[in-house]
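> The file below is start-v3.csv, CSV, C-alpha atoms:
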```
chain,number,residue,atom,x,y,z
A,214,MET,CA,220.2,35.1,173.2
A,215,ILE,CA,223.3,34.0,171.2
A,216,VAL,CA,221.9,35.5,168.0
A,217,PHE,CA,221.2,38.8,169.8
A,218,ASP,CA,224.8,38.9,171.1
A,219,ILE,CA,226.2,38.2,167.7
A,220,PHE,CA,224.2,41.0,166.1
A,221,ALA,CA,225.0,43.3,169.0
A,222,LEU,CA,228.7,42.6,168.5
A,223,ARG,CA,228.5,43.1,164.8
A,224,ASN,CA,226.8,46.5,165.2
A,225,TYR,CA,229.4,47.5,167.8
A,226,LEU,CA,232.3,46.5,165.6
A,227,SER,CA,230.8,48.3,162.6
A,228,PHE,CA,230.5,51.5,164.8
A,229,LEU,CA,234.2,51.5,165.9
A,230,PRO,CA,235.8,52.8,162.7
A,231,MET,CA,233.4,55.9,163.0
A,232,THR,CA,235.4,56.9,166.0
A,233,VAL,CA,238.5,57.7,163.8
A,234,SER,CA,238.1,61.2,162.4
A,235,PHE,CA,239.1,62.4,159.0
A,236,LEU,CA,241.3,65.0,160.8
A,237,PHE,CA,243.3,62.2,162.4
A,238,ILE,CA,243.7,60.3,159.1
A,239,GLY,CA,244.6,63.5,157.2
A,240,LEU,CA,247.2,64.6,159.8
A,241,VAL,CA,248.8,61.2,160.0
A,242,VAL,CA,249.1,60.9,156.2
A,243,THR,CA,250.4,64.5,155.8
A,244,ILE,CA,253.0,64.2,158.6
A,245,LEU,CA,254.2,60.8,157.5
A,246,LEU,CA,254.6,62.1,154.0
A,247,THR,CA,256.8,65.1,155.1
A,248,PRO,CA,260.5,64.7,154.7
A,249,GLY,CA,262.3,63.8,157.9
A,250,PRO,CA,265.1,61.6,159.2
A,251,THR,CA,263.3,58.3,158.8
A,252,ASN,CA,261.8,59.1,155.3
A,253,THR,CA,265.1,60.3,154.0
A,254,LEU,CA,266.8,57.1,155.1
A,255,LEU,CA,264.0,55.1,153.4
A,256,ALA,CA,264.4,57.0,150.1
A,257,SER,CA,268.2,56.6,150.3
A,258,ALA,CA,267.9,52.9,150.8
A,259,GLY,CA,265.6,52.6,147.8
A,260,ILE,CA,268.2,54.2,145.7
A,261,GLN,CA,271.2,52.2,147.0
A,262,ALA,CA,269.7,48.8,147.6
A,263,GLY,CA,266.6,48.8,145.4
A,264,VAL,CA,263.0,48.5,146.3
A,265,ARG,CA,263.0,44.7,147.1
A,266,GLN,CA,265.9,44.8,149.5
A,267,SER,CA,264.6,47.9,151.2
A,268,LEU,CA,261.2,46.4,152.1
A,269,LYS,CA,262.8,44.8,155.2
A,270,LEU,CA,263.2,48.3,156.6
A,271,ILE,CA,259.4,48.9,156.8
A,272,PRO,CA,258.7,46.6,159.8
A,273,ALA,CA,261.5,48.3,161.7
A,274,GLU,CA,259.8,51.7,161.2
A,275,VAL,CA,256.4,50.3,162.1
A,276,VAL,CA,257.6,48.7,165.4
A,277,GLY,CA,259.7,51.9,166.2
A,278,TYR,CA,256.6,54.1,165.8
A,279,LEU,CA,254.4,51.7,167.7
A,280,ILE,CA,256.7,51.6,170.7
A,281,ALA,CA,257.5,55.3,170.7
A,282,ILE,CA,253.9,56.6,170.3
A,283,THR,CA,252.5,54.1,172.9
A,284,SER,CA,255.3,54.9,175.4
A,285,TRP,CA,254.8,58.7,175.0
A,286,GLY,CA,251.0,58.4,175.3
A,287,VAL,CA,251.0,56.2,178.4
A,288,LEU,CA,253.7,58.4,180.1
A,289,LEU,CA,251.9,61.6,179.4
A,290,GLU,CA,248.5,60.2,180.4
A,291,SER,CA,250.0,59.2,183.8
A,292,VAL,CA,251.7,62.5,184.3
A,293,SER,CA,248.5,64.5,183.3
A,294,HIS,CA,246.8,63.2,186.5
A,295,PHE,CA,249.2,65.3,188.5
A,296,LEU,CA,249.5,68.1,185.9
A,297,PRO,CA,246.1,68.5,184.3
A,298,TRP,CA,247.2,71.5,182.2
A,299,LEU,CA,250.0,69.5,180.6
A,300,PRO,CA,248.0,67.9,177.7
A,301,ALA,CA,246.6,71.2,176.6
A,302,LEU,CA,250.1,72.8,176.8
A,303,LEU,CA,251.7,70.0,174.8
A,304,LYS,CA,248.9,70.2,172.2
A,305,LEU,CA,249.5,73.9,171.8
A,306,MET,CA,253.2,73.3,171.4
A,307,SER,CA,252.5,70.6,168.9
A,308,ALA,CA,250.3,72.9,166.8
A,309,SER,CA,253.2,75.5,166.9
A,310,PHE,CA,255.6,72.8,165.8
A,311,ILE,CA,253.3,71.8,162.9
A,312,LEU,CA,253.3,75.4,161.8
A,313,TYR,CA,257.0,75.6,162.1
A,314,LEU,CA,257.3,72.3,160.1
A,315,ALA,CA,255.0,73.8,157.4
A,316,PHE,CA,257.1,76.9,157.2
A,317,LYS,CA,260.4,74.9,157.0
A,318,LEU,CA,259.0,72.6,154.3
A,319,TRP,CA,258.0,75.6,152.2
A,320,MET,CA,261.3,77.4,152.6
A,321,THR,CA,263.4,74.4,151.9
A,322,SER,CA,261.3,73.1,149.0
A,323,THR,CA,263.9,74.1,146.4
A,324,GLU,CA,266.8,72.5,148.3
A,325,ASP,CA,267.9,69.0,147.4
A,326,ILE,CA,267.3,66.2,149.9
A,327,LYS,CA,270.6,64.5,150.8
A,328,LEU,CA,270.1,60.9,149.7
A,329,ASP,CA,273.8,60.0,149.5
A,330,ARG,CA,273.8,58.5,153.0
A,331,PRO,CA,275.3,55.1,154.1
A,332,LEU,CA,273.0,52.2,153.6
A,333,ILE,CA,270.8,51.9,156.7
A,334,THR,CA,270.1,48.7,158.5
A,335,PRO,CA,266.7,47.7,160.0
A,336,LYS,CA,268.2,48.1,163.5
A,337,ALA,CA,269.5,51.6,162.9
A,338,LEU,CA,266.2,52.6,161.3
A,339,PHE,CA,264.3,51.3,164.3
A,340,PHE,CA,266.3,53.5,166.7
A,341,ALA,CA,266.1,56.5,164.3
A,342,THR,CA,262.3,56.1,164.3
A,343,LEU,CA,262.2,55.5,168.1
A,344,LEU,CA,263.9,58.9,168.6
A,345,ASN,CA,261.9,60.7,165.9
A,346,PRO,CA,260.2,63.8,167.4
A,347,LYS,CA,257.2,63.0,165.2
A,348,ALA,CA,256.3,60.2,167.6
A,349,LEU,CA,255.8,62.7,170.4
A,350,LEU,CA,253.8,64.9,168.1
A,351,PHE,CA,251.5,61.9,167.2
A,352,ALA,CA,251.1,61.0,170.9
A,353,THR,CA,250.3,64.5,172.2
A,354,ALA,CA,248.3,66.2,169.4
A,355,ILE,CA,247.3,63.7,166.7
A,356,PHE,CA,246.0,60.8,168.7
A,357,PRO,CA,242.9,61.9,170.7
A,358,HIS,CA,243.4,62.1,174.4
A,359,ALA,CA,240.7,59.5,174.9
A,360,ALA,CA,242.8,57.0,173.1
A,361,TRP,CA,245.1,56.9,176.2
A,362,GLU,CA,242.1,56.4,178.5
A,363,VAL,CA,239.9,53.9,176.6
A,364,PRO,CA,241.7,50.7,175.4
A,365,HIS,CA,239.5,50.0,172.4
A,366,LEU,CA,240.0,53.6,171.1
A,367,TYR,CA,243.7,53.2,171.4
A,368,PHE,CA,243.5,49.9,169.5
A,369,ILE,CA,241.4,51.4,166.7
A,370,HIS,CA,243.7,54.5,166.2
A,371,ILE,CA,246.9,52.5,166.4
A,372,VAL,CA,245.6,50.0,163.8
A,373,VAL,CA,244.6,52.8,161.5
A,374,PHE,CA,248.0,54.5,162.0
A,375,LEU,CA,249.9,51.3,161.3
A,376,SER,CA,247.8,50.6,158.2
A,377,LEU,CA,248.7,54.0,156.9
A,378,ILE,CA,252.4,54.0,157.7
A,379,THR,CA,253.2,50.8,155.8
A,380,PRO,CA,252.2,52.0,152.3
A,381,ILE,CA,253.6,55.5,153.0
A,382,ALA,CA,257.0,53.9,153.9
A,383,PHE,CA,256.8,52.0,150.7
A,384,LEU,CA,256.1,55.2,148.8
A,385,TRP,CA,259.2,56.9,150.3
A,386,ILE,CA,261.3,53.9,149.1
A,387,MET,CA,259.9,54.4,145.7
A,388,PHE,CA,260.1,58.2,145.9
A,389,GLY,CA,263.9,58.1,146.0
A,390,THR,CA,264.1,56.2,142.7
A,391,VAL,CA,261.6,58.6,141.1
A,392,LEU,CA,263.6,61.6,142.1
A,393,ILE,CA,266.7,60.1,140.6
A,394,SER,CA,265.1,58.9,137.4
A,395,ASN,CA,263.1,62.2,136.9
A,396,LYS,CA,260.5,60.2,134.9
A,397,VAL,CA,257.5,61.9,136.6
A,398,THR,CA,258.0,65.6,136.2
A,399,TRP,CA,255.1,66.7,138.5
A,400,LEU,CA,256.2,64.3,141.3
A,401,ASN,CA,259.1,66.3,142.7
A,402,GLN,CA,260.4,67.6,146.0
A,403,ARG,CA,259.1,71.1,145.5
A,404,ASN,CA,255.5,70.2,144.8
A,405,LEU,CA,255.5,67.6,147.5
A,406,GLN,CA,256.8,69.8,150.2
A,407,ARG,CA,254.7,72.9,149.3
A,408,THR,CA,251.5,70.8,149.2
A,409,ALA,CA,252.4,69.3,152.6
A,410,ALA,CA,253.1,72.7,154.0
A,411,PHE,CA,249.7,74.0,152.9
A,412,ILE,CA,247.9,71.0,154.4
A,413,LEU,CA,249.8,71.1,157.7
A,414,THR,CA,248.9,74.8,158.1
A,415,PHE,CA,245.3,74.0,157.5
A,416,PHE,CA,245.3,71.1,160.0
A,417,ALA,CA,247.2,73.1,162.7
A,418,MET,CA,244.4,75.5,163.2
A,419,PRO,CA,241.8,73.2,164.8
A,420,ILE,CA,244.6,71.6,167.0
A,421,GLY,CA,245.6,75.1,168.3
A,422,TYR,CA,242.0,76.1,168.8
A,423,SER,CA,241.3,72.9,170.8
A,424,ALA,CA,244.4,73.4,173.0
A,425,ILE,CA,243.5,77.1,173.7
A,426,SER,CA,239.9,76.3,174.5
A,427,SER,CA,241.1,73.6,177.0
A,428,PHE,CA,242.8,76.1,179.3
```
Kindly transcribe the structure held in the file into structure tokens.

Amino acid sequence: MIVFDIFALRNYLSFLPMTVSFLFIGLVVTILLTPGPTNTLLASAGIQAGVRQSLKLIPAEVVGYLIAITSWGVLLESVSHFLPWLPALLKLMSASFILYLAFKLWMTSTEDIKLDRPLITPKALFFATLLNPKALLFATAIFPHAAWEVPHLYFIHIVVFLSLITPIAFLWIMFGTVLISNKVTWLNQRNLQRTAAFILTFFAMPIGYSAISSF
């Protein structure tokens, strides 16, 4: 009986990662790579304080996103019981916002990112992440609705999200130094933003379709 339970548990755990779609992973990576308040502050810190000193900012971003996404998700799930049309509306608005973000990234790809900002502290970065509109976008459109209803689905998706945000935050710290040094010619703001704009437009389509079909 014990042996059966162990094998059943192993099979169950091996199935859990399958519940995370490539669409979820692709959207998380693309949106986290797009320039924004938090990423700009990370790149700025990498330039001013160096990579090693800036690594202490990553836990602040991780905790900020964890609290913000979870809070938005739980709140919207509670409200959706009284307003069942709200999740679909917010998902449609999120798809529109993704398209707007893609358009903005493409149009501003030749503008310089302002990296001459005061050195950010972990506390300040935490609050900047907590108020980042991307957290609402993740909670409403990127995380599946079932994640706010089934605890183990929430756990799987939030673990995947946190495992992705950590290396991407490190890349943004490194990105600032690369932009300044100009050692890698193809890794520049223009190429990064235009590639992200194309990917965001591609991913916005199924989100918008899913929202419209829910009405």
> Please provide as a list in words all residues within 7 Å of Glu274 in chain A, with the sequence filter that same-chain residues fewer than 5 positions apart are discarded (counting only C-alpha atoms).
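Returned residues: Leu338, Phe339 and Thr342 of chain A.
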> To one decimal in Å, tell me the separation between CA of Pro346 in chain A and CA of Leu288 in chain A.
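We find that CA of Pro346 in chain A and CA of Leu288 in chain A lie 15.3 Å from each other.
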> Within 12 Å of range 292-300 of chain A, counting only C-alpha atoms, which residues qualify if same-chain residues fewer than 2 places away don't, as a PyMOL selection string?
chain A and resi 285-290+302-307+349-350+352-359+361-362+420+423-428
> Measuring atom to atom with all atoms listed in the file, identify which of A:Thr334, A:Thr247, A:Ser376, A:Asn252 is nearest to Leu270 in chain A.
A:Thr334
> What does the structure give for the distance between CA of Thr251 in chain A and CA of Ile311 in chain A, in Å to one decimal?
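Pair CA of Thr251 in chain A / CA of Ile311 in chain A returns 17.3 Å.
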> Using all atoms listed in the file, find the one residue out of A:Ile333, A:Ile369, A:Met418, A:Val241 that sits nearest to Ala256 in chain A.
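Under the stated criterion, the closest residue is A:Ile333.
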> Do you have the CA of Pro364 in chain A-CA of Phe383 in chain A distance handy?
29.0 Å
> Kindly indicate which residue among A:Leu255, A:Tyr313, A:Leu245, A:Phe351 lies nearest to His370 in chain A, using all atoms listed in the file for the distances.
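Of all the options, A:Phe351 lies closest to His370 in chain A.
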> Just checking: using all atoms listed in the file, which residue out of A:Thr408, A:Thr323, A:Ser284, A:Thr232 ends up closest to Ile244 in chain A?
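Once distances to Ile244 in chain A are computed over all atoms listed in the file, the minimum belongs to A:Thr408.
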> Just need the box for range 266-283 of chain A, edges along x, y and z, holding every atom the file lists for it with 6 Å tacked onto each side, so centre and edge lengths in Å to one decimal, as JSON.

```
{"center_x": 259.2, "center_y": 50.7, "center_z": 161.2, "size_x": 25.4, "size_y": 23.8, "size_z": 35.4}
```
